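Chemist: PDB, C-alpha atoms, saved as work_30.pdb, coming up:
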ATOM      1  CA  MET A   1      76.360 104.011  87.138  1.00  0.00           C
ATOM      2  CA  ILE A   2      79.683 104.632  85.472  1.00  0.00           C
ATOM      3  CA  TYR A   3      80.998 101.111  85.814  1.00  0.00           C
ATOM      4  CA  THR A   4      79.734  97.659  84.958  1.00  0.00           C
ATOM      5  CA  LYS A   5      78.403  94.928  87.235  1.00  0.00           C
ATOM      6  CA  THR A   6      81.971  93.625  87.425  1.00  0.00           C
ATOM      7  CA  GLY A   7      83.121  96.929  88.911  1.00  0.00           C
ATOM      8  CA  GLU A   8      80.175  97.080  91.280  1.00  0.00           C
ATOM      9  CA  TYR A   9      80.817  93.533  92.499  1.00  0.00           C
ATOM     10  CA  ALA A  10      84.527  94.250  92.938  1.00  0.00           C
ATOM     11  CA  ILE A  11      83.731  97.271  95.099  1.00  0.00           C
ATOM     12  CA  ARG A  12      81.198  95.381  97.191  1.00  0.00           C
ATOM     13  CA  ALA A  13      83.581  92.444  97.702  1.00  0.00           C
ATOM     14  CA  ILE A  14      86.605  94.563  98.613  1.00  0.00           C
ATOM     15  CA  LEU A  15      84.547  96.681 101.028  1.00  0.00           C
ATOM     16  CA  PHE A  16      83.178  93.506 102.610  1.00  0.00           C
ATOM     17  CA  LEU A  17      86.716  92.193 103.103  1.00  0.00           C
ATOM     18  CA  ALA A  18      87.879  95.564 104.441  1.00  0.00           C
ATOM     19  CA  ARG A  19      85.243  95.393 107.185  1.00  0.00           C
ATOM     20  CA  GLN A  20      86.392  91.975 108.441  1.00  0.00           C
ATOM     21  CA  GLN A  21      88.709  91.383 111.386  1.00  0.00           C
ATOM     22  CA  LYS A  22      92.385  91.652 110.555  1.00  0.00           C
ATOM     23  CA  ASP A  23      93.784  88.440 109.066  1.00  0.00           C
ATOM     24  CA  ALA A  24      90.353  86.791 108.896  1.00  0.00           C
ATOM     25  CA  LEU A  25      90.090  84.452 105.904  1.00  0.00           C
ATOM     26  CA  ILE A  26      86.722  84.643 104.192  1.00  0.00           C
ATOM     27  CA  MET A  27      85.444  82.108 101.698  1.00  0.00           C
ATOM     28  CA  SER A  28      84.344  83.541  98.357  1.00  0.00           C
ATOM     29  CA  SER A  29      81.009  81.748  98.805  1.00  0.00           C
ATOM     30  CA  ASP A  30      80.454  83.666 102.060  1.00  0.00           C
ATOM     31  CA  ILE A  31      81.193  86.974 100.347  1.00  0.00           C
ATOM     32  CA  ALA A  32      78.894  86.036  97.477  1.00  0.00           C
ATOM     33  CA  LYS A  33      76.064  85.132  99.832  1.00  0.00           C
ATOM     34  CA  SER A  34      76.462  88.196 102.027  1.00  0.00           C
ATOM     35  CA  GLU A  35      76.725  90.618  99.105  1.00  0.00           C
ATOM     36  CA  ASP A  36      74.239  88.834  96.821  1.00  0.00           C
ATOM     37  CA  ILE A  37      76.807  88.314  94.055  1.00  0.00           C
ATOM     38  CA  PRO A  38      76.799  85.269  91.748  1.00  0.00           C
ATOM     39  CA  ALA A  39      79.453  82.948  93.217  1.00  0.00           C
ATOM     40  CA  HIS A  40      81.189  81.956  89.954  1.00  0.00           C
ATOM     41  CA  TYR A  41      81.316  85.566  88.806  1.00  0.00           C
ATOM     42  CA  LEU A  42      82.757  86.679  92.137  1.00  0.00           C
ATOM     43  CA  ALA A  43      85.405  83.941  92.057  1.00  0.00           C
ATOM     44  CA  LYS A  44      86.740  85.353  88.781  1.00  0.00           C
ATOM     45  CA  ILE A  45      86.753  88.892  90.160  1.00  0.00           C
ATOM     46  CA  LEU A  46      88.608  87.784  93.293  1.00  0.00           C
ATOM     47  CA  GLN A  47      91.170  85.939  91.159  1.00  0.00           C
ATOM     48  CA  ARG A  48      91.794  89.122  89.205  1.00  0.00           C
ATOM     49  CA  MET A  49      92.094  91.139  92.420  1.00  0.00           C
ATOM     50  CA  ALA A  50      94.580  88.579  93.752  1.00  0.00           C
ATOM     51  CA  LYS A  51      96.623  88.928  90.553  1.00  0.00           C
ATOM     52  CA  TYR A  52      96.971  92.661  91.211  1.00  0.00           C
ATOM     53  CA  GLY A  53      97.751  92.240  94.905  1.00  0.00           C
ATOM     54  CA  TYR A  54      94.473  93.552  96.322  1.00  0.00           C
ATOM     55  CA  VAL A  55      93.541  90.301  98.044  1.00  0.00           C
ATOM     56  CA  ASP A  56      95.539  87.366  99.300  1.00  0.00           C
ATOM     57  CA  SER A  57      94.169  83.942  98.429  1.00  0.00           C
ATOM     58  CA  PHE A  58      94.710  80.844 100.536  1.00  0.00           C
ATOM     59  CA  LYS A  59      93.673  77.432  99.226  1.00  0.00           C
ATOM     60  CA  GLY A  60      92.652  74.322 101.073  1.00  0.00           C
ATOM     61  CA  ARG A  61      90.882  73.672 104.322  1.00  0.00           C
ATOM     62  CA  GLY A  62      90.570  76.872 106.318  1.00  0.00           C
ATOM     63  CA  GLY A  63      91.463  78.922 103.249  1.00  0.00           C
ATOM     64  CA  GLY A  64      89.815  81.947 101.819  1.00  0.00           C
ATOM     65  CA  PHE A  65      90.524  85.554 100.949  1.00  0.00           C
ATOM     66  CA  LYS A  66      91.673  88.571 102.888  1.00  0.00           C
ATOM     67  CA  ILE A  67      92.287  92.149 101.884  1.00  0.00           C
ATOM     68  CA  THR A  68      95.849  93.436 101.523  1.00  0.00           C
ATOM     69  CA  GLU A  69      97.299  96.704 102.765  1.00  0.00           C
ATOM     70  CA  LEU A  70      97.705  97.746  99.127  1.00  0.00           C
ATOM     71  CA  ALA A  71      93.955  97.468  98.604  1.00  0.00           C
ATOM     72  CA  LYS A  72      93.130  99.357 101.791  1.00  0.00           C
ATOM     73  CA  LYS A  73      95.265 102.292 100.631  1.00  0.00           C
ATOM     74  CA  SER A  74      94.040 102.168  97.035  1.00  0.00           C
ATOM     75  CA  SER A  75      91.238 104.334  95.745  1.00  0.00           C
ATOM     76  CA  ILE A  76      87.910 102.904  94.682  1.00  0.00           C
ATOM     77  CA  LEU A  77      88.813 103.996  91.155  1.00  0.00           C
ATOM     78  CA  GLU A  78      92.083 102.019  91.180  1.00  0.00           C
ATOM     79  CA  ILE A  79      90.328  98.828  92.247  1.00  0.00           C
ATOM     80  CA  VAL A  80      87.644  99.118  89.586  1.00  0.00           C
ATOM     81  CA  GLU A  81      90.051 100.043  86.796  1.00  0.00           C
ATOM     82  CA  ARG A  82      92.255  97.020  87.560  1.00  0.00           C
ATOM     83  CA  VAL A  83      89.238  94.734  87.410  1.00  0.00           C
ATOM     84  CA  GLU A  84      87.438  96.193  84.400  1.00  0.00           C
ATOM     85  CA  GLY A  85      89.549  98.904  82.761  1.00  0.00           C
ATOM     86  CA  PRO A  86      88.760 102.634  82.475  1.00  0.00           C
ATOM     87  CA  VAL A  87      85.444 103.458  84.107  1.00  0.00           C
ATOM     88  CA  ILE A  88      84.643 106.951  82.975  1.00  0.00           C
ATOM     89  CA  ASN A  89      82.477 106.780  79.889  1.00  0.00           C
ATOM     90  CA  LEU A  90      83.851 109.360  77.506  1.00  0.00           C
ATOM     91  CA  LYS A  91      81.110 108.776  74.945  1.00  0.00           C
ATOM     92  CA  CYS A  92      78.531 111.405  74.262  1.00  0.00           C
ATOM     93  CA  VAL A  93      75.649 111.032  76.691  1.00  0.00           C
ATOM     94  CA  THR A  94      73.177 111.701  73.836  1.00  0.00           C
ATOM     95  CA  GLY A  95      74.799 109.102  71.566  1.00  0.00           C
ATOM     96  CA  LEU A  96      76.380 111.411  68.995  1.00  0.00           C
ATOM     97  CA  LYS A  97      79.436 109.959  67.242  1.00  0.00           C
ATOM     98  CA  GLU A  98      81.150 113.345  67.232  1.00  0.00           C
ATOM     99  CA  CYS A  99      80.734 115.343  70.438  1.00  0.00           C
ATOM    100  CA  GLN A 100      83.599 117.652  71.286  1.00  0.00           C
ATOM    101  CA  ASP A 101      84.127 121.069  72.803  1.00  0.00           C
ATOM    102  CA  GLU A 102      84.137 122.542  69.285  1.00  0.00           C
ATOM    103  CA  ASN A 103      80.945 120.751  68.226  1.00  0.00           C
ATOM    104  CA  PRO A 104      79.093 119.869  71.466  1.00  0.00           C
ATOM    105  CA  CYS A 105      75.792 118.111  71.956  1.00  0.00           C
ATOM    106  CA  PRO A 106      73.107 119.907  74.004  1.00  0.00           C
ATOM    107  CA  LEU A 107      74.260 118.131  77.210  1.00  0.00           C
ATOM    108  CA  HIS A 108      78.030 118.254  76.613  1.00  0.00           C
ATOM    109  CA  ASP A 109      79.028 120.786  79.270  1.00  0.00           C
ATOM    110  CA  GLU A 110      76.796 119.350  81.990  1.00  0.00           C
ATOM    111  CA  TRP A 111      77.920 115.778  81.280  1.00  0.00           C
ATOM    112  CA  ALA A 112      81.601 116.783  81.328  1.00  0.00           C
ATOM    113  CA  GLU A 113      81.116 118.498  84.692  1.00  0.00           C
ATOM    114  CA  LEU A 114      79.250 115.533  86.175  1.00  0.00           C
ATOM    115  CA  ARG A 115      81.774 113.029  84.779  1.00  0.00           C
ATOM    116  CA  ASN A 116      84.633 115.012  86.327  1.00  0.00           C
ATOM    117  CA  ARG A 117      82.911 115.206  89.720  1.00  0.00           C
ATOM    118  CA  ILE A 118      82.326 111.443  89.774  1.00  0.00           C
ATOM    119  CA  TYR A 119      85.910 110.760  88.703  1.00  0.00           C
ATOM    120  CA  ASN A 120      87.268 113.043  91.425  1.00  0.00           C
ATOM    121  CA  LEU A 121      85.053 111.438  94.056  1.00  0.00           C
ATOM    122  CA  ILE A 122      85.991 107.818  93.394  1.00  0.00           C
ATOM    123  CA  SER A 123      89.656 108.627  92.828  1.00  0.00           C
ATOM    124  CA  SER A 124      89.950 110.524  96.119  1.00  0.00           C
ATOM    125  CA  LYS A 125      88.412 107.917  98.454  1.00  0.00           C
ATOM    126  CA  SER A 126      90.492 104.989  99.663  1.00  0.00           C
ATOM    127  CA  VAL A 127      88.957 101.582 100.238  1.00  0.00           C
ATOM    128  CA  GLN A 128      89.734 101.920 103.960  1.00  0.00           C
ATOM    129  CA  ASP A 129      88.014 105.325 104.187  1.00  0.00           C
ATOM    130  CA  VAL A 130      84.882 104.045 102.484  1.00  0.00           C
ATOM    131  CA  ALA A 131      84.851 100.795 104.499  1.00  0.00           C
ATOM    132  CA  GLU A 132      85.078 102.719 107.784  1.00  0.00           C
ATOM    133  CA  LYS A 133      82.178 104.993 106.814  1.00  0.00           C
ATOM    134  CA  TYR A 134      80.215 101.975 105.598  1.00  0.00           C
ATOM    135  CA  ALA A 135      80.753 100.161 108.913  1.00  0.00           C
ATOM    136  CA  GLU A 136      79.679 103.275 110.812  1.00  0.00           C
ATOM    137  CA  THR A 137      76.489 103.492 108.745  1.00  0.00           C
ATOM    138  CA  LEU A 138      75.749  99.813 109.418  1.00  0.00           C
ATOM    139  CA  ARG A 139      76.274 100.307 113.181  1.00  0.00           C
ATOM    140  CA  LYS A 140      73.899 103.292 113.222  1.00  0.00           C
ATOM    141  CA  SER A 141      71.221 101.407 111.275  1.00  0.00           C
ATOM    142  CA  LYS A 142      71.265  98.557 113.841  1.00  0.00           C
ATOM    143  CA  GLN A 143      70.687 100.890 116.776  1.00  0.00           C
TER     144      GLN A 143
END
So, in terms of structure tokens, how does the structure I just supplied come out?

Modeler:
Amino acid sequence: MIYTKTGEYAIRAILFLARQQKDALIMSSDIAKSEDIPAHYLAKILQRMAKYGYVDSFKGRGGGFKITELAKKSSILEIVERVEGPVINLKCVTGLKECQDENPCPLHDEWAELRNRIYNLISSKSVQDVAEKYAETLRKSKQ
């Protein structure tokens, strides 16, 4: 994909939290178990998301994490870029050091088109939109 495991785990965790009941506090260990994410790795991702206001963190007995309104309204791209930085790989898909419009590789035009489509997709979908569709898919699969 176009992002690292960190980005993938951030998306899975934030979508998991978005599908929970409002104001429900979820332990990071429960998210990790449900989403099959290494617990220590997820804890660091959730800390970073808390730093940027995408999750609220509550310590102590009965504590946990919950998604914020900011995160629900944010695009998938915004979440990932806060956690791991720019996600669109601008490098040449064939590995050339110099690949530009003036001196393109054999796949330059197709890669640029695909890269732009992916960017537009993940920048146009909010966490809430994706979580709602995800929940609908899960409901249909259980029927």

Chemist: Any chance you could work out the residue set of the PyMOL selection byres ((chain A and resi 27) around 10) here, as a list in words?

Modeler: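 When the PyMOL selection byres ((chain A and resi 27) around 10) is applied to the shown file, the picked residues are Ala24, Leu25, Ile26, Ser28, Ser29, Asp30, Ile31, Ala32, Ala43, Ser57, Phe58, Lys59, Gly62, Gly63, Gly64, Phe65 and Lys66 of chain A.
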
Chemist: Calculate how many Å separate atom CA of A:Tyr3 from atom CA of A:Ile45, rounding to one decimal.

Modeler: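 About the pair atom CA of A:Tyr3 and atom CA of A:Ile45: they are 14.2 Å apart.
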
Chemist: Can you tell me which residues surround A:Ile76 at a distance of at most 12 Å, considering only C-alpha atoms, apart from same-chain residues fewer than 3 positions away, and format the answer as a count of residues only?

Modeler: 35

Chemist: Please write as a list of chain:residue names the full residue list that the PyMOL selection byres ((chain A and resi 112) around 12) yields on this file.

Modeler: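 Residues picked by the PyMOL selection byres ((chain A and resi 112) around 12): A:Ile88, A:Asn89, A:Leu90, A:Lys91, A:Cys92, A:Val93, A:Cys99, A:Gln100, A:Asp101, A:Pro104, A:Cys105, A:Pro106, A:Leu107, A:His108, A:Asp109, A:Glu110, A:Trp111, A:Glu113, A:Leu114, A:Arg115, A:Asn116, A:Arg117, A:Ile118, A:Tyr119.
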
Chemist: Between A:Glu98, A:Glu132, A:Glu78, A:Lys5, which is the closest to A:Pro38 once you count only C-alpha atoms?

Modeler: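 Once distances to A:Pro38 are computed over only C-alpha atoms, the minimum belongs to A:Lys5.
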
Chemist: With all atoms listed in the file as the basis for distance, which of A:Gln21, A:Phe16, A:Ile67, A:Leu77 is at the shortest distance from A:Lys33?

Modeler: A:Phe16

Chemist: Tell me which of A:Leu42, A:Val55, A:Ala50, A:Leu96 sits closest to A:Ala18, counting only C-alpha atoms.

Modeler: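 Smallest distance to A:Ala18 is found for A:Val55.
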
Chemist: Rounded to one decimal place, report the atom CA of A:Gln20-atom CA of A:Gly85 distance in Å.

Modeler: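 For atom CA of A:Gln20 relative to atom CA of A:Gly85, the distance reads 26.8 Å.
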
Chemist: Using only C-alpha atoms, which of the listed residues (A:Thr68, A:Ser34, A:Ser75, A:Thr4) sits closest to A:Lys22?

Modeler: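 So, comparing all the options, the nearest one is A:Thr68.
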
Chemist: Mind pulling up the distance from atom CA of A:Ala135 to atom CA of A:Tyr52?

Modeler: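 Atom-to-atom, atom CA of A:Tyr52 to atom CA of A:Ala135, that is 25.2 Å.
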
Chemist: Calculated over all atoms listed in the file, which of the candidates A:His40, A:Lys97, A:Lys133, A:Arg48 has the smallest distance to A:Arg19?

Modeler: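 Closest to A:Arg19, using all atoms listed in the file: A:Lys133.
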
Chemist: Write out N, CA and C atoms for stretch 10-21 of chain A, as a compact mmCIF listing (two decimals), in the coordinates of the input.

Modeler:
# COMPACT_ATOMS: atom_id res chain seq x y z
N ALA A 10 83.17 94.11 92.39
CA ALA A 10 84.53 94.25 92.94
C ALA A 10 84.52 95.20 94.13
N ILE A 11 83.81 96.31 94.00
CA ILE A 11 83.73 97.27 95.10
C ILE A 11 83.04 96.64 96.30
N ARG A 12 81.92 95.99 96.08
CA ARG A 12 81.20 95.38 97.19
C ARG A 12 82.03 94.31 97.88
N ALA A 13 82.75 93.50 97.11
CA ALA A 13 83.58 92.44 97.70
C ALA A 13 84.75 93.02 98.49
N ILE A 14 85.42 94.02 97.93
CA ILE A 14 86.60 94.56 98.61
C ILE A 14 86.18 95.33 99.87
N LEU A 15 85.03 95.99 99.83
CA LEU A 15 84.55 96.68 101.03
C LEU A 15 84.11 95.68 102.09
N PHE A 16 83.54 94.57 101.67
CA PHE A 16 83.18 93.51 102.61
C PHE A 16 84.44 92.99 103.31
N LEU A 17 85.47 92.70 102.52
CA LEU A 17 86.72 92.19 103.10
C LEU A 17 87.37 93.23 104.01
N ALA A 18 87.27 94.49 103.64
CA ALA A 18 87.88 95.56 104.44
C ALA A 18 87.21 95.71 105.81
N ARG A 19 85.97 95.28 105.92
CA ARG A 19 85.24 95.39 107.18
C ARG A 19 85.44 94.17 108.09
N GLN A 20 86.18 93.18 107.64
CA GLN A 20 86.39 91.98 108.44
C GLN A 20 87.54 92.19 109.42
N GLN A 21 87.61 91.32 110.43
CA GLN A 21 88.71 91.38 111.39
C GLN A 21 90.03 91.15 110.66
